[in-house]
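Peer 1: Hey, dropping coords.txt in here, compact mmCIF, C-alpha atoms (C1' of nucleotides):
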# COMPACT_ATOMS: atom_id res chain seq x y z
CA MET Y 218 -36.42 6.12 47.99
CA LYS Y 219 -39.22 6.98 45.57
CA THR Y 220 -42.56 5.47 46.55
CA LEU Y 221 -43.69 2.84 44.09
CA THR Y 222 -46.93 3.00 42.17
CA ARG Y 223 -49.26 0.08 42.73
CA LYS Y 224 -48.39 -1.23 39.28
CA GLN Y 225 -44.71 -1.15 40.11
CA GLU Y 226 -45.41 -3.03 43.32
CA ILE Y 227 -47.23 -5.71 41.37
CA VAL Y 228 -44.38 -6.06 38.89
CA ALA Y 229 -41.84 -6.21 41.71
CA THR Y 230 -43.81 -8.83 43.60
CA ALA Y 231 -44.39 -10.92 40.50
CA SER Y 232 -40.73 -10.78 39.50
CA LYS Y 233 -39.68 -12.43 42.73
CA LEU Y 234 -42.17 -15.23 42.19
CA PHE Y 235 -41.19 -15.62 38.53
CA LYS Y 236 -37.59 -15.93 39.57
CA GLU Y 237 -38.34 -18.88 41.81
CA LYS Y 238 -40.86 -20.83 39.78
CA GLY Y 239 -40.98 -19.36 36.30
CA TYR Y 240 -43.69 -17.36 34.56
CA ASN Y 241 -46.07 -20.22 33.82
CA ALA Y 242 -45.91 -21.74 37.27
CA VAL Y 243 -46.97 -18.49 38.93
CA SER Y 244 -50.71 -17.74 38.86
CA MET Y 245 -52.40 -14.39 39.20
CA ARG Y 246 -53.78 -15.71 42.47
CA ASP Y 247 -50.24 -16.38 43.68
CA ILE Y 248 -49.21 -12.83 42.88
CA ALA Y 249 -52.29 -11.39 44.53
CA GLN Y 250 -51.81 -13.48 47.64
CA ALA Y 251 -48.23 -12.30 47.96
CA MET Y 252 -49.57 -8.75 48.03
CA GLY Y 253 -52.39 -9.56 50.44
CA ILE Y 254 -55.20 -8.86 47.96
CA LYS Y 255 -57.42 -10.89 45.63
CA ALA Y 256 -56.53 -11.76 42.05
CA ALA Y 257 -59.28 -9.70 40.49
CA SER Y 258 -57.96 -6.58 42.21
CA LEU Y 259 -54.78 -6.76 40.20
CA TYR Y 260 -56.74 -5.78 37.12
CA ASN Y 261 -57.37 -2.32 38.53
CA HIS Y 262 -53.70 -1.61 37.83
CA ILE Y 263 -52.62 -3.82 34.97
CA SER Y 264 -54.24 -5.14 31.82
CA GLY Y 265 -53.20 -8.75 32.39
CA LYS Y 266 -50.46 -11.22 33.19
CA GLN Y 267 -48.72 -10.51 29.90
CA GLU Y 268 -48.26 -6.88 30.81
CA ILE Y 269 -46.45 -7.82 34.00
CA LEU Y 270 -44.01 -9.93 32.04
CA SER Y 271 -43.38 -7.45 29.27
CA THR Y 272 -42.98 -4.50 31.63
CA LEU Y 273 -40.45 -6.48 33.59
CA ILE Y 274 -38.42 -7.77 30.68
CA LEU Y 275 -38.40 -4.73 28.45
CA GLU Y 276 -37.30 -2.49 31.29
CA VAL Y 277 -34.15 -4.54 31.76
CA ALA Y 278 -33.59 -5.05 28.05
CA ILE Y 279 -33.60 -1.29 27.49
CA GLU Y 280 -31.10 -0.94 30.30
CA PHE Y 281 -28.71 -3.25 28.45
CA THR Y 282 -29.25 -1.53 25.13
CA ASN Y 283 -28.46 1.85 26.63
CA GLY Y 284 -25.43 0.46 28.42
CA MET Y 285 -24.05 -0.92 25.18
CA GLN Y 286 -24.58 2.41 23.40
CA THR Y 287 -22.70 4.20 26.17
CA VAL Y 288 -19.77 1.83 25.88
CA LEU Y 289 -19.67 2.14 22.09
CA ALA Y 290 -19.78 5.92 22.31
CA GLU Y 291 -16.64 5.98 24.40
CA GLU Y 292 -14.56 4.84 21.44
CA SER Y 293 -11.88 3.28 23.60
CA SER Y 294 -9.90 0.22 22.59
CA PRO Y 295 -11.72 -3.10 22.10
CA VAL Y 296 -10.21 -4.61 25.25
CA GLN Y 297 -11.20 -1.59 27.29
CA GLN Y 298 -14.70 -1.76 25.86
CA ILE Y 299 -15.00 -5.39 26.89
CA GLU Y 300 -13.89 -4.45 30.37
CA ARG Y 301 -16.60 -1.81 30.49
CA ILE Y 302 -19.25 -4.23 29.26
CA ILE Y 303 -18.39 -6.69 32.00
CA GLU Y 304 -18.63 -3.94 34.60
CA MET Y 305 -21.90 -2.68 33.18
CA HIS Y 306 -23.38 -6.17 33.27
CA ILE Y 307 -22.42 -6.58 36.88
CA ASP Y 308 -24.00 -3.24 37.79
CA ILE Y 309 -27.26 -4.09 36.05
CA THR Y 310 -27.29 -7.51 37.68
CA VAL Y 311 -27.06 -5.97 41.12
CA ASN Y 312 -29.91 -3.55 40.44
CA TYR Y 313 -32.29 -5.78 38.47
CA SER Y 314 -31.61 -9.29 39.69
CA GLU Y 315 -35.26 -10.40 39.65
CA GLY Y 316 -35.98 -8.97 36.23
CA LEU Y 317 -32.95 -10.77 34.86
CA ALA Y 318 -34.42 -14.13 35.76
CA ALA Y 319 -37.50 -13.40 33.67
CA LEU Y 320 -35.41 -11.98 30.87
CA ASN Y 321 -33.28 -15.12 30.70
CA ASN Y 322 -35.90 -17.79 31.27
CA ASP Y 323 -39.28 -16.44 30.30
CA TRP Y 324 -38.71 -14.14 27.34
CA MET Y 325 -40.24 -16.76 25.03
CA HIS Y 326 -43.59 -16.19 26.69
CA LEU Y 327 -43.75 -12.66 25.39
CA GLU Y 328 -46.18 -12.19 22.50
CA ASN Y 329 -46.36 -10.40 19.18
CA ASP Y 330 -44.65 -7.00 19.02
CA GLU Y 331 -43.06 -7.33 22.42
CA LEU Y 332 -41.54 -10.68 21.54
CA ARG Y 333 -40.24 -9.37 18.24
CA SER Y 334 -38.88 -6.25 19.84
CA PHE Y 335 -37.08 -8.23 22.53
CA ILE Y 336 -35.47 -10.61 20.05
CA ARG Y 337 -34.36 -7.68 17.96
CA MET Y 338 -32.75 -5.95 20.92
CA ARG Y 339 -30.98 -9.12 21.92
CA GLU Y 340 -29.62 -9.76 18.45
CA ASP Y 341 -28.41 -6.20 18.12
CA TYR Y 342 -26.72 -6.41 21.47
CA GLU Y 343 -24.91 -9.60 20.57
CA GLU Y 344 -23.90 -8.25 17.19
CA ASN Y 345 -22.40 -5.12 18.75
CA PHE Y 346 -20.44 -7.27 21.17
CA ARG Y 347 -19.28 -9.53 18.34
CA GLN Y 348 -18.01 -6.56 16.34
CA ILE Y 349 -15.98 -5.34 19.29
CA ILE Y 350 -14.34 -8.75 19.58
CA LYS Y 351 -13.63 -8.88 15.86
CA ARG Y 352 -12.07 -5.43 15.94
CA GLY Y 353 -9.91 -6.58 18.84
CA ILE Y 354 -8.70 -9.58 16.89
CA ALA Y 355 -8.07 -7.52 13.76
CA ALA Y 356 -6.05 -5.02 15.81
CA GLY Y 357 -4.00 -7.82 17.36
CA GLU Y 358 -5.22 -6.98 20.85
CA ILE Y 359 -7.20 -10.17 21.21
CA GLN Y 360 -6.10 -13.71 20.45
CA ALA Y 361 -7.22 -15.07 17.11
CA ARG Y 362 -9.79 -17.61 18.26
CA GLN Y 363 -13.33 -18.14 17.06
CA PRO Y 364 -15.04 -14.83 17.95
CA GLU Y 365 -18.20 -16.80 18.63
CA VAL Y 366 -16.53 -18.81 21.38
CA ILE Y 367 -15.19 -15.69 23.08
CA LEU Y 368 -18.52 -13.91 22.78
CA PHE Y 369 -20.43 -16.85 24.14
CA SER Y 370 -18.08 -17.52 27.04
CA ILE Y 371 -18.25 -14.00 28.36
CA LEU Y 372 -21.91 -13.40 27.66
CA SER Y 373 -23.26 -16.57 29.17
CA THR Y 374 -21.28 -15.98 32.32
CA LEU Y 375 -22.62 -12.46 32.62
CA ARG Y 376 -26.16 -13.51 31.85
CA THR Y 377 -26.33 -16.08 34.62
CA LEU Y 378 -24.52 -13.96 37.15
CA TYR Y 379 -27.83 -13.09 38.81
CA LEU Y 380 -28.06 -16.70 39.99
CA TRP Y 381 -24.80 -16.50 41.87
CA TYR Y 382 -24.59 -12.98 43.06
CA GLN Y 383 -27.02 -13.36 45.91
CA LYS Y 384 -26.25 -16.98 46.76
CA ARG Y 385 -22.64 -16.05 47.39
CA GLY Y 386 -23.72 -12.51 48.16
CA LYS Y 387 -20.89 -11.81 50.54
CA LEU Y 388 -18.63 -11.02 47.57
CA ASP Y 389 -17.88 -7.33 47.19
CA VAL Y 390 -19.02 -5.89 43.87
CA ASN Y 391 -15.64 -4.36 43.11
CA VAL Y 392 -13.78 -7.59 43.84
CA LEU Y 393 -16.24 -9.35 41.58
CA LYS Y 394 -15.68 -6.90 38.73
CA GLN Y 395 -11.93 -7.02 39.15
CA ASP Y 396 -11.67 -10.80 39.28
CA MET Y 397 -14.12 -11.40 36.47
CA VAL Y 398 -12.34 -9.01 34.14
CA ALA Y 399 -9.07 -10.70 35.02
CA VAL Y 400 -10.42 -14.19 34.41
CA PHE Y 401 -11.64 -13.36 30.93
CA LEU Y 402 -8.82 -11.11 29.83
CA HIS Y 403 -5.91 -13.06 31.23
CA GLY Y 404 -7.23 -16.51 32.08
CA ILE Y 405 -6.77 -18.47 35.25
CA VAL Y 406 -3.37 -20.06 34.71
CA ASN Y 407 -0.36 -18.59 36.47
CA LYS Y 408 2.30 -17.56 33.96
CA LEU Y 409 5.91 -18.30 34.91
CA MET G 171 -28.88 -47.37 16.54
CA LYS G 172 -30.77 -49.08 19.36
CA THR G 173 -34.54 -48.95 18.95
CA LEU G 174 -36.16 -46.84 21.63
CA THR G 175 -38.82 -48.10 24.00
CA ARG G 176 -42.11 -46.23 23.89
CA LYS G 177 -41.27 -44.55 27.18
CA GLN G 178 -37.95 -43.35 25.81
CA GLU G 179 -39.77 -41.96 22.78
CA ILE G 180 -42.12 -40.02 25.04
CA VAL G 181 -39.26 -38.60 27.07
CA ALA G 182 -37.38 -37.65 23.91
CA THR G 183 -40.42 -35.97 22.38
CA ALA G 184 -41.24 -34.13 25.58
CA SER G 185 -37.68 -32.91 26.02
CA LYS G 186 -37.77 -31.11 22.71
CA LEU G 187 -40.98 -29.35 23.66
CA PHE G 188 -39.67 -28.54 27.15
CA LYS G 189 -36.61 -26.98 25.61
CA GLU G 190 -38.68 -24.56 23.57
CA LYS G 191 -41.43 -23.59 26.00
CA GLY G 192 -40.47 -24.89 29.43
CA TYR G 193 -42.02 -27.68 31.49
CA ASN G 194 -45.13 -25.83 32.65
CA ALA G 195 -46.05 -24.46 29.23
CA VAL G 196 -46.12 -27.94 27.68
CA SER G 197 -49.27 -29.97 28.28
CA MET G 198 -49.68 -33.70 28.14
CA ARG G 199 -51.92 -33.08 25.12
CA ASP G 200 -49.05 -31.23 23.43
CA ILE G 201 -46.72 -34.16 24.00
CA ALA G 202 -49.29 -36.66 22.80
CA GLN G 203 -50.06 -34.66 19.69
CA ALA G 204 -46.37 -34.47 18.82
CA MET G 205 -46.35 -38.27 18.89
CA GLY G 206 -49.58 -38.64 16.94
CA ILE G 207 -51.55 -40.20 19.80
CA LYS G 208 -54.00 -39.04 22.48
CA ALA G 209 -52.95 -37.75 25.89
CA ALA G 210 -54.52 -40.62 27.81
CA SER G 211 -52.43 -43.11 25.86
CA LEU G 212 -49.26 -41.72 27.37
CA TYR G 213 -50.26 -43.23 30.69
CA ASN G 214 -49.80 -46.74 29.36
CA HIS G 215 -46.06 -46.06 29.44
CA ILE G 216 -45.45 -43.50 32.15
CA SER G 217 -46.97 -42.73 35.53
CA GLY G 218 -47.40 -39.00 34.86
CA LYS G 219 -45.86 -35.76 33.71
CA GLN G 220 -43.52 -35.69 36.67
CA GLU G 221 -41.94 -38.96 35.64
CA ILE G 222 -41.07 -37.54 32.24
CA LEU G 223 -39.28 -34.62 33.87
CA SER G 224 -37.42 -36.63 36.45
CA THR G 225 -36.35 -39.32 33.99
CA LEU G 226 -35.00 -36.63 31.71
CA ILE G 227 -33.16 -34.62 34.32
CA LEU G 228 -31.74 -37.40 36.45
CA GLU G 229 -30.35 -39.19 33.41
CA VAL G 230 -28.22 -36.18 32.54
CA ALA G 231 -27.35 -35.40 36.15
CA ILE G 232 -25.94 -38.90 36.60
CA GLU G 233 -23.92 -38.43 33.45
CA PHE G 234 -22.26 -35.36 34.98
CA THR G 235 -21.66 -37.07 38.30
CA ASN G 236 -19.97 -40.00 36.62
CA GLY G 237 -17.91 -37.68 34.44
CA MET G 238 -16.65 -35.82 37.47
CA GLN G 239 -15.71 -39.07 39.21
CA THR G 240 -13.74 -40.16 36.17
CA VAL G 241 -11.82 -36.90 36.09
CA LEU G 242 -11.08 -37.05 39.80
CA ALA G 243 -9.87 -40.62 39.51
CA GLU G 244 -7.23 -39.63 36.97
CA GLU G 245 -5.28 -37.75 39.64
CA SER G 246 -3.68 -35.41 37.14
CA SER G 247 -2.80 -31.79 37.92
CA PRO G 248 -5.60 -29.32 38.76
CA VAL G 249 -5.19 -27.48 35.46
CA GLN G 250 -5.33 -30.71 33.51
CA GLN G 251 -8.42 -31.74 35.45
CA ILE G 252 -10.15 -28.48 34.57
CA GLU G 253 -9.30 -29.06 30.93
CA ARG G 254 -10.87 -32.50 31.14
CA ILE G 255 -14.00 -31.15 32.82
CA ILE G 256 -14.48 -28.60 30.03
CA GLU G 257 -14.10 -31.32 27.43
CA MET G 258 -16.47 -33.61 29.30
CA HIS G 259 -19.10 -30.89 29.51
CA ILE G 260 -18.88 -30.27 25.80
CA ASP G 261 -19.27 -33.96 25.05
CA ILE G 262 -22.33 -34.28 27.27
CA THR G 263 -23.82 -31.14 25.74
CA VAL G 264 -23.55 -32.60 22.26
CA ASN G 265 -25.23 -35.84 23.31
CA TYR G 266 -27.93 -34.56 25.65
CA SER G 267 -28.74 -31.07 24.44
CA GLU G 268 -32.50 -31.33 25.05
CA GLY G 269 -32.15 -32.82 28.50
CA LEU G 270 -29.79 -30.00 29.46
CA ALA G 271 -32.48 -27.42 28.86
CA ALA G 272 -34.76 -29.14 31.35
CA LEU G 273 -31.91 -29.62 33.80
CA ASN G 274 -31.05 -25.94 33.72
CA ASN G 275 -34.50 -24.39 33.60
CA ASP G 276 -36.99 -26.84 35.03
CA TRP G 277 -35.21 -28.69 37.81
CA MET G 278 -37.20 -26.72 40.39
CA HIS G 279 -40.35 -28.48 39.23
CA LEU G 280 -39.04 -31.81 40.46
CA GLU G 281 -40.68 -33.00 43.67
CA ASN G 282 -39.72 -34.64 46.94
CA ASP G 283 -36.92 -37.21 46.75
CA GLU G 284 -36.08 -36.44 43.17
CA LEU G 285 -35.73 -32.74 43.88
CA ARG G 286 -33.59 -33.41 46.93
CA SER G 287 -31.46 -35.89 45.06
CA PHE G 288 -30.89 -33.49 42.20
CA ILE G 289 -29.87 -30.63 44.46
CA ARG G 290 -27.52 -32.93 46.30
CA MET G 291 -25.85 -34.06 43.08
CA ARG G 292 -25.48 -30.49 41.92
CA GLU G 293 -23.95 -29.32 45.17
CA ASP G 294 -21.52 -32.22 45.23
CA TYR G 295 -20.52 -31.52 41.66
CA GLU G 296 -19.84 -27.86 42.38
CA GLU G 297 -17.95 -28.70 45.54
CA ASN G 298 -15.69 -31.12 43.69
CA PHE G 299 -14.99 -28.49 41.06
CA ARG G 300 -14.31 -25.88 43.75
CA GLN G 301 -11.79 -28.16 45.46
CA ILE G 302 -9.90 -28.66 42.22
CA ILE G 303 -9.64 -24.90 41.79
CA LYS G 304 -8.49 -24.42 45.38
CA ARG G 305 -5.84 -27.11 44.98
CA GLY G 306 -4.67 -25.35 41.83
CA ILE G 307 -4.34 -22.05 43.65
CA ALA G 308 -2.56 -23.67 46.60
CA ALA G 309 -0.12 -25.34 44.21
CA GLY G 310 0.56 -22.04 42.45
CA GLU G 311 -0.78 -23.36 39.15
CA ILE G 312 -3.79 -21.09 39.17
CA GLN G 313 -3.93 -17.36 39.85
CA ALA G 314 -4.97 -16.39 43.36
CA ARG G 315 -8.42 -14.97 42.66
CA GLN G 316 -11.72 -15.68 44.37
CA PRO G 317 -12.24 -19.41 43.67
CA GLU G 318 -15.96 -18.72 43.51
CA VAL G 319 -15.52 -16.34 40.58
CA ILE G 320 -13.43 -18.80 38.63
CA LEU G 321 -15.84 -21.64 39.37
CA PHE G 322 -18.85 -19.62 38.38
CA SER G 323 -17.33 -18.24 35.19
CA ILE G 324 -16.42 -21.63 33.82
CA LEU G 325 -19.50 -23.46 35.03
CA SER G 326 -22.09 -21.00 33.81
CA THR G 327 -20.50 -20.95 30.39
CA LEU G 328 -20.52 -24.72 30.21
CA ARG G 329 -24.06 -24.98 31.51
CA THR G 330 -25.54 -22.73 28.85
CA LEU G 331 -23.47 -24.12 26.04
CA TYR G 332 -26.47 -26.14 24.85
CA LEU G 333 -28.14 -22.89 23.81
CA TRP G 334 -25.33 -21.96 21.47
CA TYR G 335 -24.07 -25.21 20.17
CA GLN G 336 -26.87 -25.80 17.73
CA LYS G 337 -27.55 -22.18 16.88
CA ARG G 338 -23.98 -21.78 15.66
CA GLY G 339 -23.85 -25.50 15.00
CA LYS G 340 -21.32 -25.28 12.25
CA LEU G 341 -18.50 -25.10 14.79
CA ASP G 342 -16.44 -28.26 14.96
CA VAL G 343 -16.51 -29.91 18.38
CA ASN G 344 -12.74 -30.12 18.59
CA VAL G 345 -12.26 -26.47 17.68
CA LEU G 346 -14.81 -25.62 20.32
CA LYS G 347 -13.02 -27.64 23.00
CA GLN G 348 -9.68 -26.20 22.03
CA ASP G 349 -10.79 -22.57 21.97
CA MET G 350 -12.85 -22.80 25.11
CA VAL G 351 -10.03 -24.37 27.10
CA ALA G 352 -7.73 -21.63 25.79
CA VAL G 353 -10.13 -18.83 26.70
CA PHE G 354 -10.45 -19.96 30.29
CA LEU G 355 -6.90 -21.03 30.91
CA HIS G 356 -5.10 -18.20 29.14
CA GLY G 357 -7.69 -15.47 28.61
CA ILE G 358 -8.42 -13.58 25.45
CA VAL G 359 -5.78 -10.86 25.55
CA ASN G 360 -2.73 -11.19 23.32
CA LYS G 361 0.44 -11.16 25.38
CA LEU G 362 3.40 -9.26 23.94
C1' DA C 196 -57.98 -71.45 18.53
C1' DA C 197 -57.77 -69.48 23.01
C1' DA C 198 -55.53 -66.50 26.25
C1' DA C 199 -52.70 -62.80 27.57
C1' DG C 200 -50.41 -58.63 26.86
C1' DT C 201 -49.67 -54.20 24.63
C1' DA C 202 -51.12 -49.86 23.25
C1' DA C 203 -54.29 -47.25 21.43
C1' DC C 204 -59.04 -45.07 22.01
C1' DT C 205 -63.42 -42.11 23.97
C1' DA C 206 -65.34 -39.74 27.67
C1' DA C 207 -65.21 -37.54 31.61
C1' DC C 208 -63.55 -35.87 36.35
C1' DA C 209 -62.13 -32.21 39.62
C1' DA C 210 -59.00 -28.57 39.91
C1' DT C 211 -57.05 -24.56 38.39
C1' DC C 212 -56.21 -21.04 34.98
C1' DG C 213 -56.69 -15.86 33.32
C1' DT C 214 -60.13 -12.81 33.13
C1' DT C 215 -64.69 -10.11 33.46
C1' DA C 216 -68.81 -7.96 35.60
C1' DG C 217 -70.81 -5.78 39.09
C1' DT C 218 -70.53 -4.11 43.83
C1' DT C 219 -68.66 -2.25 48.07
C1' DT C 220 -65.19 0.02 50.75
C1' DT C 221 -61.73 3.57 51.40
C1' DG C 222 -59.47 7.91 51.03
C1' DT C 223 -59.40 12.69 49.24
C1' DA C 224 -61.22 17.12 47.61
C1' DA C 225 -64.97 20.47 47.18
C1' DT A 20 -71.22 16.59 54.23
C1' DT A 21 -71.35 15.44 49.85
C1' DA A 22 -69.12 13.87 45.58
C1' DC A 23 -65.80 11.46 43.18
C1' DA A 24 -62.22 8.46 42.17
C1' DA A 25 -59.18 4.72 43.46
C1' DA A 26 -58.82 0.17 44.83
C1' DA A 27 -60.51 -3.41 47.00
C1' DC A 28 -64.18 -7.11 47.09
C1' DT A 29 -67.50 -11.46 45.62
C1' DA A 30 -68.98 -14.39 42.17
C1' DA A 31 -68.67 -16.42 38.19
C1' DC A 32 -67.30 -17.46 33.14
C1' DG A 33 -65.22 -20.56 29.70
C1' DA A 34 -61.01 -22.79 28.76
C1' DT A 35 -57.42 -25.80 29.90
C1' DT A 36 -54.91 -28.70 33.06
C1' DG A 37 -53.28 -33.61 34.64
C1' DT A 38 -55.36 -37.68 35.29
C1' DT A 39 -58.64 -41.85 35.61
C1' DA A 40 -62.01 -45.35 34.05
C1' DG A 41 -63.54 -48.30 30.89
C1' DT A 42 -63.25 -50.11 26.21
C1' DT A 43 -61.41 -51.64 21.75
C1' DA A 44 -58.02 -53.29 18.39
C1' DC A 45 -53.86 -55.65 17.33
C1' DT A 46 -49.94 -58.86 18.35
C1' DT A 47 -47.71 -62.46 20.73
C1' DT A 48 -47.72 -66.54 23.45
C1' DT A 49 -49.78 -70.82 24.90
Show me, as structure tokens, the structure contained in the file I just sent.

Peer 2:
Amino acid sequence: MKTLTRKQEIVATASKLFKEKGYNAVSMRDIAQAMGIKAASLYNHISGKQEILSTLILEVAIEFTNGMQTVLAEESSPVQQIERIIEMHIDITVNYSEGLAALNNDWMHLENDELRSFIRMREDYEENFRQIIKRGIAAGEIQARQPEVILFSILSTLRTLYLWYQKRGKLDVNVLKQDMVAVFLHGIVNKL
Amino acid sequence: MKTLTRKQEIVATASKLFKEKGYNAVSMRDIAQAMGIKAASLYNHISGKQEILSTLILEVAIEFTNGMQTVLAEESSPVQQIERIIEMHIDITVNYSEGLAALNNDWMHLENDELRSFIRMREDYEENFRQIIKRGIAAGEIQARQPEVILFSILSTLRTLYLWYQKRGKLDVNVLKQDMVAVFLHGIVNKL
DNA sequence: AAAAGTAACTAACAATCGTTAGTTTTGTAA
DNA sequence: TTACAAAACTAACGATTGTTAGTTACTTTT
């Protein structure tokens, strides 16, 4: 276990508070108190509240972007790629569950370049996913429904997984991956 | 079109702002300005910012609770009930898209009785849904996976539908219902 | 015409916000 | 032991927050 820098400790502490109450409802004094220091002391390690948020969000966003590139580079079939994306999402969720809350709920409080950069990464990610689905439909591997509905169903489930994973935390990660892939690929109805 | 009371206008205006920036990032002065009046004037119609939030959220929460009761009362098969729940969710999303943002993202800023009451309604709703799934599995209608995974997959998709519905708003509601039911019941993979 | 009610206004409040300046303590290296 | 840097502290700033008090203008009811 690598020892964290003080900045990393601040970001980690803040992310837990952001997850519970949201970026705007957490004050610098709240963050400082959770670390047992005063608010002004935080500024020895970070430039401001904004930096905490952007560090947190962009770290996770880059993780997703890299994950998608890895999956695309494998050049397997569309259905296999979707399987891999689901598994990747679950892995990232387990490792970055606090950051995911900020990424989902507080990204709009980013500013300027960081906001633009985040939106860009998100759009690219969705577009890559959409293309995989469209290739699957064109190849006859995937049912010919609205690609947008398929994309949205899978993605919104994966994006809010962080809310459930710890609440029902007893679920084994591999069972989760297995069942979630099965639900989306084959549905829930028992075939005769 | 029924004419709105002034309080309803305030809640409607606020809900649009809450959707974009979140409860805590919207000030009473923001809400007032959006209505072309001063912040203090809002207090002629509402008791405070909290009342705006709780009015907004509880209205939609009751809608869901009633919808679930209607579906349960029909006593159709578990799979048919799940179909109906998906359709109900889509209908509510179309009619209350701003309120849904607050319900999903800002419910934790409710206080006291209203917070407790909301959590209770949400737990009951999830438990009812979970029981339907379990009955479906017991009856052999639904595949024997972790009920929690099935519940979560469907519910998180439905809960974040409000984010997508207007962005890709060109989608017909009936096509949406049809494709979304198909995705969850039968999956996305083409069977041979 | 008088009275009551509705809904806006101005002005200000105490509290809290993110942040800065300047100072003191703490730990490490020479 | 001295010197230096890291990281904490106190105190305060200007801005903004939700809210209250008191007042004014317009409309409806008596």

Peer 1: Point out the residue among Y:Lys236, Y:His306, Y:Arg246, Y:Lys255 with the least atom-to-atom distance to chain A, counting all atoms listed in the file.

Peer 2: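 Of the candidates, the smallest distance to chain A is held by Y:Lys255.
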
Peer 1: Would you mind listing what lies within 9 Å of Thr374 in chain Y as a PyMOL selection string, with all atoms listed in the file counted and same-chain residues fewer than 4 positions away left out?

Peer 2: (chain Y and resi 369-370+378) or (chain G and resi 322-327+330)

Peer 1: With a distance threshold of 12 Å and counting all atoms listed in the file, extract the residues of chain A near chain G and express them as a count of residues only.

Peer 2: 6

Peer 1: In Å, rounded to a single decimal, give me how far CA of Gly253 in chain Y is from CA of Leu327 in chain Y.

Peer 2: 26.7 Å

Peer 1: Residues of chain C within 12 Å of chain Y, using only C-alpha atoms (C1' of nucleotides), as a ChimeraX atom specification?

Peer 2: /C:211-216

Peer 1: Residues near DT29 in chain A, anyone? I mean within 10 Å using all atoms listed in the file, not counting same-chain ones fewer than 5 positions away, as a ChimeraX atom specification.

Peer 2: /Y:257 /C:217-219

Peer 1: If you keep C-alpha atoms (C1' of nucleotides), can you produce a file of those selected residues as a PDB file, keeping the file's coordinate frame?

Peer 2:
ATOM      1  CA  ALA Y 257     -59.280  -9.700  40.490  1.00  0.00           C
TER       2      ALA Y 257
ATOM      3  C1'  DG C 217     -70.810  -5.780  39.090  1.00  0.00           C
ATOM      4  C1'  DT C 218     -70.530  -4.110  43.830  1.00  0.00           C
ATOM      5  C1'  DT C 219     -68.660  -2.250  48.070  1.00  0.00           C
TER       6       DT C 219
END

Peer 1: Between Y:Arg333, Y:Arg352, Y:Arg301, Y:Lys224, single out the one closest to Met397 in chain Y, counting only C-alpha atoms.

Peer 2: Y:Arg301

Peer 1: Provide as a VMD selection string the residues of chain Y at most 6 Å from chain G, counting only C-alpha atoms.

Peer 2: chain Y and resid 241 358 to 360 370 373 to 374 401 to 407

Peer 1: Would you kindly return, as an MDAnalysis selection string, each protein, DNA or RNA residue with an atom no farther than 10 Å from any atom of range 279-294 of chain Y, considering only C-alpha atoms (C1' of nucleotides) and excluding same-chain residues fewer than 6 positions away?

Peer 2: chainID Y and resid 300:302 305:306 309 313 335 338:339 341:343 345:346 349 352:353 356 358
